[in-house]
Amino acid sequence: MEVLPFGFLVFVSLTLLLVNVWGVIDAKFAVTTAAREATRAFVESTTETEATRTATQRARETLDAYGRGDDRATVHSPVLADSFGRCARVTVRVTYDVPAIAIPFLGGFGSATTVESSHTEVVDPFRNGLDGVAQC
């Protein structure tokens, strides 16, 4: 009879562990998709200021779609290797802090695990709307 409470405790502990692991995996999917969508929005824009605004907005929309658009998400400013133009390489990085234990309607508790993803693309050298010639 004394084994039943111990077995229940082990069951609850393993369930919480699996839920936390899945939370980290789901957050990784969310930040990877957000970084990819933001980079894609950046390289499809025509000016650098519009590109930065559009990329940040697209990343936020993607995180919202995954249900992770709260204050734990950070969309870092896009980083250009050179000036904005044809063949420019841009990298967007997105991070998300996953709490150790997340309880619905109460929030998260414990030290957070930071999940990070970045995506890099090159502005198409043959696209319309940009000045200059294609020299990659």
# chains A, B, ... in the order shown; residues from 1 in each chain; ligands from 1
>>> residues_around(residues="region 15-20 of chain A", least_positions_apart="6", cutoff="12 Å", atoms="only C-alpha atoms", output="ChimeraX atom specification")
/A:8-9,26-27,98-103,108-113
>>> write_last_selection(atoms="N, CA and C atoms", output="tab-separated table (two decimals), in the first residue's frame")
chain	number	residue	atom	x	y	z
A	8	PHE	N	2.60	7.22	-7.72
A	8	PHE	CA	1.88	8.39	-8.20
A	8	PHE	C	2.81	9.59	-8.31
A	9	LEU	N	3.69	9.77	-7.33
A	9	LEU	CA	4.66	10.87	-7.36
A	9	LEU	C	5.60	10.74	-8.55
A	26	ASP	N	8.36	22.64	-28.95
A	26	ASP	CA	7.38	23.49	-29.62
A	26	ASP	C	7.90	24.92	-29.77
A	27	ALA	N	8.58	25.42	-28.75
A	27	ALA	CA	9.17	26.76	-28.84
A	27	ALA	C	10.25	26.81	-29.92
A	98	VAL	N	11.55	29.72	-22.29
A	98	VAL	CA	10.57	28.72	-21.89
A	98	VAL	C	10.72	28.50	-20.39
A	99	PRO	N	9.64	28.72	-19.60
A	99	PRO	CA	9.74	28.51	-18.16
A	99	PRO	C	9.86	27.02	-17.83
A	100	ALA	N	10.39	26.71	-16.66
A	100	ALA	CA	10.56	25.32	-16.24
A	100	ALA	C	9.21	24.61	-16.12
A	101	ILE	N	8.23	25.29	-15.53
A	101	ILE	CA	6.89	24.72	-15.39
A	101	ILE	C	5.90	25.78	-15.84
A	102	ALA	N	5.06	25.44	-16.81
A	102	ALA	CA	4.04	26.36	-17.29
A	102	ALA	C	2.67	25.84	-16.88
A	103	ILE	N	1.95	26.65	-16.12
A	103	ILE	CA	0.61	26.27	-15.68
A	103	ILE	C	-0.39	27.21	-16.36
A	108	GLY	N	4.27	30.89	-15.90
A	108	GLY	CA	5.38	29.96	-15.76
A	108	GLY	C	6.16	30.19	-14.49
A	109	PHE	N	6.76	29.12	-14.00
A	109	PHE	CA	7.56	29.17	-12.78
A	109	PHE	C	8.90	28.50	-13.02
A	110	GLY	N	9.88	28.89	-12.26
A	110	GLY	CA	11.19	28.28	-12.34
A	110	GLY	C	12.09	28.99	-13.33
A	111	SER	N	13.34	28.56	-13.37
A	111	SER	CA	14.31	29.18	-14.27
A	111	SER	C	13.98	28.83	-15.71
A	112	ALA	N	14.15	29.80	-16.58
A	112	ALA	CA	13.76	29.63	-17.98
A	112	ALA	C	14.90	29.06	-18.81
A	113	THR	N	14.52	28.31	-19.83
A	113	THR	CA	15.44	27.83	-20.83
A	113	THR	C	15.27	28.71	-22.06
>>> atom_distance(atom1="CA of Lys28 (chain A)", atom2="CA of Tyr96 (chain A)")
8.3 Å
>>> closest_atom_pairs(of="region 58-86 of chain A", to="region 116-128 of chain A", cutoff="10 Å", atoms="only C-alpha atoms", output="tab-separated table")
residue	atom	partner	partner_atom	distance
A:Ala73	CA	A:Glu116	CA	9.9
A:Thr74	CA	A:Glu116	CA	9.4
A:His76	CA	A:Ser118	CA	9.6
A:Pro78	CA	A:Thr120	CA	9.6
A:Val79	CA	A:Thr120	CA	9.3
A:Leu80	CA	A:Thr120	CA	9.6
A:Ala81	CA	A:Val122	CA	9.8
A:Phe84	CA	A:Val123	CA	8.5
A:Gly85	CA	A:Val123	CA	7.0
A:Arg86	CA	A:Pro125	CA	4.7
>>> write_last_selection(atoms="N, CA and C atoms", output="mmCIF file, in the first residue's frame")
data_model
loop_
_atom_site.group_PDB
_atom_site.id
_atom_site.type_symbol
_atom_site.label_atom_id
_atom_site.label_comp_id
_atom_site.auth_asym_id
_atom_site.auth_seq_id
_atom_site.Cartn_x
_atom_site.Cartn_y
_atom_site.Cartn_z
ATOM 1 N N ALA A 73 9.192 36.429 -25.799
ATOM 2 C CA ALA A 73 9.782 36.335 -27.137
ATOM 3 C C ALA A 73 10.554 37.607 -27.461
ATOM 4 N N THR A 74 11.699 37.452 -28.107
ATOM 5 C CA THR A 74 12.517 38.585 -28.540
ATOM 6 C C THR A 74 12.886 38.405 -30.001
ATOM 7 N N HIS A 76 15.246 39.939 -32.601
ATOM 8 C CA HIS A 76 16.412 40.813 -32.712
ATOM 9 C C HIS A 76 16.419 41.492 -34.075
ATOM 10 N N PRO A 78 17.360 42.663 -37.689
ATOM 11 C CA PRO A 78 18.083 41.969 -38.755
ATOM 12 C C PRO A 78 19.495 42.510 -38.907
ATOM 13 N N VAL A 79 20.433 41.626 -39.165
ATOM 14 C CA VAL A 79 21.839 41.997 -39.312
ATOM 15 C C VAL A 79 22.227 41.828 -40.771
ATOM 16 N N LEU A 80 22.685 42.919 -41.380
ATOM 17 C CA LEU A 80 23.151 42.897 -42.764
ATOM 18 C C LEU A 80 24.660 42.768 -42.803
ATOM 19 N N ALA A 81 25.175 41.913 -43.683
ATOM 20 C CA ALA A 81 26.624 41.798 -43.842
ATOM 21 C C ALA A 81 27.182 43.032 -44.542
ATOM 22 N N PHE A 84 22.149 47.377 -47.665
ATOM 23 C CA PHE A 84 20.972 46.747 -48.269
ATOM 24 C C PHE A 84 21.014 46.904 -49.779
ATOM 25 N N GLY A 85 20.859 45.824 -50.493
ATOM 26 C CA GLY A 85 20.853 45.831 -51.949
ATOM 27 C C GLY A 85 20.950 44.415 -52.466
ATOM 28 N N ARG A 86 21.177 44.307 -53.749
ATOM 29 C CA ARG A 86 21.299 42.982 -54.361
ATOM 30 C C ARG A 86 22.452 42.213 -53.721
#
>>> select_by_dssp(residues="chain A", states="alpha helix (DSSP H)", output="PyMOL selection string")
chain A and resi 3-43+48-65
>>> select_by_dssp(residues="chain A", states="strand (DSSP E or B)", output="JSON, numbers by chain")
{"A": [73, 74, 75, 79, 80, 89, 90, 91, 92, 93, 94, 95, 96, 97, 98, 101, 102, 103, 107, 108, 109, 113, 114, 115, 116, 117, 118, 119, 120, 121, 122]}
>>> closest_residue(among="A:Val43, A:Val115, A:Val24, A:Cys136", to="Thr91 (chain A)", atoms="only C-alpha atoms")
A:Val43
>>> closest_residue(among="A:Thr95, A:Arg72, A:Thr114, A:Ser77", to="Thr39 (chain A)", atoms="only C-alpha atoms")
A:Ser77
>>> closest_residue(among="A:Ala35, A:Gly7, A:Val12, A:Trp22", to="Val75 (chain A)", atoms="only C-alpha atoms")
A:Ala35
>>> residues_around(residues="region 51-59 of chain A", least_positions_apart="6", cutoff="6 Å", atoms="only C-alpha atoms", output="compact mmCIF listing (two decimals) with C-alpha atoms, in the first residue's frame")
# COMPACT_ATOMS: atom_id res chain seq x y z
CA ALA A 34 9.54 33.07 -37.08
CA ALA A 38 11.18 37.38 -40.94
CA ALA A 41 10.02 39.30 -45.51
CA PHE A 42 13.28 41.27 -45.22
CA SER A 45 11.25 44.40 -49.30
>>> atom_distance(atom1="CA of Tyr66 (chain A)", atom2="CA of Ala30 (chain A)")
6.1 Å
>>> atom_distance(atom1="CA of Arg60 (chain A)", atom2="CA of Thr33 (chain A)")
10.8 Å
>>> decode(residues="region 8-134 of chain A", atoms="C-alpha atoms", output="PDB file, in the first residue's frame")
ATOM      1  CA  PHE A   8       1.876   8.393  -8.199  1.00  0.00           C
ATOM      2  CA  LEU A   9       4.658  10.866  -7.359  1.00  0.00           C
ATOM      3  CA  VAL A  10       6.949   9.321  -9.981  1.00  0.00           C
ATOM      4  CA  PHE A  11       4.128   9.400 -12.543  1.00  0.00           C
ATOM      5  CA  VAL A  12       3.405  13.103 -11.903  1.00  0.00           C
ATOM      6  CA  SER A  13       7.121  13.977 -12.004  1.00  0.00           C
ATOM      7  CA  LEU A  14       7.668  12.214 -15.330  1.00  0.00           C
ATOM      8  CA  THR A  15       4.546  13.808 -16.782  1.00  0.00           C
ATOM      9  CA  LEU A  16       5.794  17.300 -15.832  1.00  0.00           C
ATOM     10  CA  LEU A  17       9.187  16.487 -17.338  1.00  0.00           C
ATOM     11  CA  LEU A  18       7.640  15.363 -20.632  1.00  0.00           C
ATOM     12  CA  VAL A  19       5.416  18.453 -20.773  1.00  0.00           C
ATOM     13  CA  ASN A  20       8.457  20.687 -20.257  1.00  0.00           C
ATOM     14  CA  VAL A  21      10.441  18.875 -22.949  1.00  0.00           C
ATOM     15  CA  TRP A  22       7.556  19.260 -25.372  1.00  0.00           C
ATOM     16  CA  GLY A  23       7.318  22.962 -24.505  1.00  0.00           C
ATOM     17  CA  VAL A  24      10.967  23.428 -25.477  1.00  0.00           C
ATOM     18  CA  ILE A  25      10.494  21.495 -28.736  1.00  0.00           C
ATOM     19  CA  ASP A  26       7.381  23.493 -29.620  1.00  0.00           C
ATOM     20  CA  ALA A  27       9.170  26.764 -28.841  1.00  0.00           C
ATOM     21  CA  LYS A  28      12.040  25.695 -31.119  1.00  0.00           C
ATOM     22  CA  PHE A  29       9.563  25.119 -33.967  1.00  0.00           C
ATOM     23  CA  ALA A  30       8.049  28.552 -33.323  1.00  0.00           C
ATOM     24  CA  VAL A  31      11.331  30.514 -33.268  1.00  0.00           C
ATOM     25  CA  THR A  32      12.700  28.659 -36.294  1.00  0.00           C
ATOM     26  CA  THR A  33       9.606  29.461 -38.327  1.00  0.00           C
ATOM     27  CA  ALA A  34       9.543  33.068 -37.080  1.00  0.00           C
ATOM     28  CA  ALA A  35      13.203  33.617 -38.034  1.00  0.00           C
ATOM     29  CA  ARG A  36      12.664  32.109 -41.480  1.00  0.00           C
ATOM     30  CA  GLU A  37       9.526  34.165 -42.159  1.00  0.00           C
ATOM     31  CA  ALA A  38      11.182  37.376 -40.938  1.00  0.00           C
ATOM     32  CA  THR A  39      14.219  36.848 -43.135  1.00  0.00           C
ATOM     33  CA  ARG A  40      12.009  36.091 -46.122  1.00  0.00           C
ATOM     34  CA  ALA A  41      10.020  39.296 -45.513  1.00  0.00           C
ATOM     35  CA  PHE A  42      13.275  41.270 -45.220  1.00  0.00           C
ATOM     36  CA  VAL A  43      14.774  40.109 -48.512  1.00  0.00           C
ATOM     37  CA  GLU A  44      11.491  40.725 -50.370  1.00  0.00           C
ATOM     38  CA  SER A  45      11.253  44.397 -49.303  1.00  0.00           C
ATOM     39  CA  THR A  46      12.486  47.348 -51.359  1.00  0.00           C
ATOM     40  CA  THR A  47      14.054  49.615 -48.681  1.00  0.00           C
ATOM     41  CA  GLU A  48      15.994  48.847 -45.524  1.00  0.00           C
ATOM     42  CA  THR A  49      13.628  50.671 -43.141  1.00  0.00           C
ATOM     43  CA  GLU A  50      10.585  48.979 -44.655  1.00  0.00           C
ATOM     44  CA  ALA A  51      12.432  45.653 -44.580  1.00  0.00           C
ATOM     45  CA  THR A  52      13.278  45.934 -40.877  1.00  0.00           C
ATOM     46  CA  ARG A  53       9.727  46.912 -39.940  1.00  0.00           C
ATOM     47  CA  THR A  54       8.188  44.184 -42.094  1.00  0.00           C
ATOM     48  CA  ALA A  55      10.573  41.506 -40.812  1.00  0.00           C
ATOM     49  CA  THR A  56       9.844  42.298 -37.165  1.00  0.00           C
ATOM     50  CA  GLN A  57       6.112  42.383 -37.817  1.00  0.00           C
ATOM     51  CA  ARG A  58       6.180  39.064 -39.689  1.00  0.00           C
ATOM     52  CA  ALA A  59       8.158  37.385 -36.893  1.00  0.00           C
ATOM     53  CA  ARG A  60       5.663  38.655 -34.281  1.00  0.00           C
ATOM     54  CA  GLU A  61       2.729  37.420 -36.371  1.00  0.00           C
ATOM     55  CA  THR A  62       4.325  33.995 -36.691  1.00  0.00           C
ATOM     56  CA  LEU A  63       4.971  33.766 -32.957  1.00  0.00           C
ATOM     57  CA  ASP A  64       1.366  34.831 -32.304  1.00  0.00           C
ATOM     58  CA  ALA A  65       0.161  32.068 -34.616  1.00  0.00           C
ATOM     59  CA  TYR A  66       2.118  29.560 -32.516  1.00  0.00           C
ATOM     60  CA  GLY A  67       0.654  31.050 -29.323  1.00  0.00           C
ATOM     61  CA  ARG A  68       4.052  32.352 -28.223  1.00  0.00           C
ATOM     62  CA  GLY A  69       3.695  36.069 -28.906  1.00  0.00           C
ATOM     63  CA  ASP A  70       4.087  37.301 -25.327  1.00  0.00           C
ATOM     64  CA  ASP A  71       6.848  39.174 -23.519  1.00  0.00           C
ATOM     65  CA  ARG A  72       9.104  36.087 -23.388  1.00  0.00           C
ATOM     66  CA  ALA A  73       9.782  36.335 -27.137  1.00  0.00           C
ATOM     67  CA  THR A  74      12.517  38.585 -28.540  1.00  0.00           C
ATOM     68  CA  VAL A  75      12.927  39.413 -32.211  1.00  0.00           C
ATOM     69  CA  HIS A  76      16.412  40.813 -32.712  1.00  0.00           C
ATOM     70  CA  SER A  77      17.048  43.422 -35.397  1.00  0.00           C
ATOM     71  CA  PRO A  78      18.083  41.969 -38.755  1.00  0.00           C
ATOM     72  CA  VAL A  79      21.839  41.997 -39.312  1.00  0.00           C
ATOM     73  CA  LEU A  80      23.151  42.897 -42.764  1.00  0.00           C
ATOM     74  CA  ALA A  81      26.624  41.798 -43.842  1.00  0.00           C
ATOM     75  CA  ASP A  82      26.824  44.777 -46.240  1.00  0.00           C
ATOM     76  CA  SER A  83      24.496  47.610 -47.170  1.00  0.00           C
ATOM     77  CA  PHE A  84      20.972  46.747 -48.269  1.00  0.00           C
ATOM     78  CA  GLY A  85      20.853  45.831 -51.949  1.00  0.00           C
ATOM     79  CA  ARG A  86      21.299  42.982 -54.361  1.00  0.00           C
ATOM     80  CA  CYS A  87      23.236  40.003 -52.959  1.00  0.00           C
ATOM     81  CA  ALA A  88      23.167  41.417 -49.425  1.00  0.00           C
ATOM     82  CA  ARG A  89      23.275  38.677 -46.800  1.00  0.00           C
ATOM     83  CA  VAL A  90      20.817  39.189 -43.927  1.00  0.00           C
ATOM     84  CA  THR A  91      20.422  37.220 -40.692  1.00  0.00           C
ATOM     85  CA  VAL A  92      17.446  37.399 -38.337  1.00  0.00           C
ATOM     86  CA  ARG A  93      17.633  35.911 -34.829  1.00  0.00           C
ATOM     87  CA  VAL A  94      14.632  35.098 -32.622  1.00  0.00           C
ATOM     88  CA  THR A  95      14.771  33.927 -28.989  1.00  0.00           C
ATOM     89  CA  TYR A  96      12.127  32.660 -26.584  1.00  0.00           C
ATOM     90  CA  ASP A  97      12.367  31.935 -22.845  1.00  0.00           C
ATOM     91  CA  VAL A  98      10.570  28.720 -21.890  1.00  0.00           C
ATOM     92  CA  PRO A  99       9.736  28.505 -18.156  1.00  0.00           C
ATOM     93  CA  ALA A 100      10.559  25.316 -16.244  1.00  0.00           C
ATOM     94  CA  ILE A 101       6.895  24.722 -15.390  1.00  0.00           C
ATOM     95  CA  ALA A 102       4.043  26.363 -17.290  1.00  0.00           C
ATOM     96  CA  ILE A 103       0.609  26.270 -15.678  1.00  0.00           C
ATOM     97  CA  PRO A 104      -2.360  27.507 -17.738  1.00  0.00           C
ATOM     98  CA  PHE A 105      -3.917  30.769 -16.469  1.00  0.00           C
ATOM     99  CA  LEU A 106      -1.141  31.158 -13.856  1.00  0.00           C
ATOM    100  CA  GLY A 107       1.955  31.519 -16.027  1.00  0.00           C
ATOM    101  CA  GLY A 108       5.377  29.959 -15.761  1.00  0.00           C
ATOM    102  CA  PHE A 109       7.557  29.172 -12.781  1.00  0.00           C
ATOM    103  CA  GLY A 110      11.193  28.276 -12.341  1.00  0.00           C
ATOM    104  CA  SER A 111      14.309  29.183 -14.266  1.00  0.00           C
ATOM    105  CA  ALA A 112      13.755  29.633 -17.979  1.00  0.00           C
ATOM    106  CA  THR A 113      15.443  27.828 -20.832  1.00  0.00           C
ATOM    107  CA  THR A 114      16.272  30.127 -23.741  1.00  0.00           C
ATOM    108  CA  VAL A 115      15.475  28.708 -27.168  1.00  0.00           C
ATOM    109  CA  GLU A 116      17.160  30.503 -30.076  1.00  0.00           C
ATOM    110  CA  SER A 117      17.069  30.268 -33.837  1.00  0.00           C
ATOM    111  CA  SER A 118      18.520  32.300 -36.670  1.00  0.00           C
ATOM    112  CA  HIS A 119      18.044  32.236 -40.407  1.00  0.00           C
ATOM    113  CA  THR A 120      20.210  33.735 -43.154  1.00  0.00           C
ATOM    114  CA  GLU A 121      19.266  34.548 -46.743  1.00  0.00           C
ATOM    115  CA  VAL A 122      20.691  36.529 -49.634  1.00  0.00           C
ATOM    116  CA  VAL A 123      18.703  39.216 -51.423  1.00  0.00           C
ATOM    117  CA  ASP A 124      17.949  37.942 -54.922  1.00  0.00           C
ATOM    118  CA  PRO A 125      20.459  39.445 -57.392  1.00  0.00           C
ATOM    119  CA  PHE A 126      17.941  39.420 -60.266  1.00  0.00           C
ATOM    120  CA  ARG A 127      14.854  40.847 -58.548  1.00  0.00           C
ATOM    121  CA  ASN A 128      13.026  43.970 -59.627  1.00  0.00           C
ATOM    122  CA  GLY A 129      12.803  47.160 -57.577  1.00  0.00           C
ATOM    123  CA  LEU A 130      16.434  47.472 -56.455  1.00  0.00           C
ATOM    124  CA  ASP A 131      19.125  49.702 -57.880  1.00  0.00           C
ATOM    125  CA  GLY A 132      22.397  48.397 -59.202  1.00  0.00           C
ATOM    126  CA  VAL A 133      23.437  45.293 -61.120  1.00  0.00           C
ATOM    127  CA  ALA A 134      23.691  41.670 -60.034  1.00  0.00           C
TER     128      ALA A 134
END
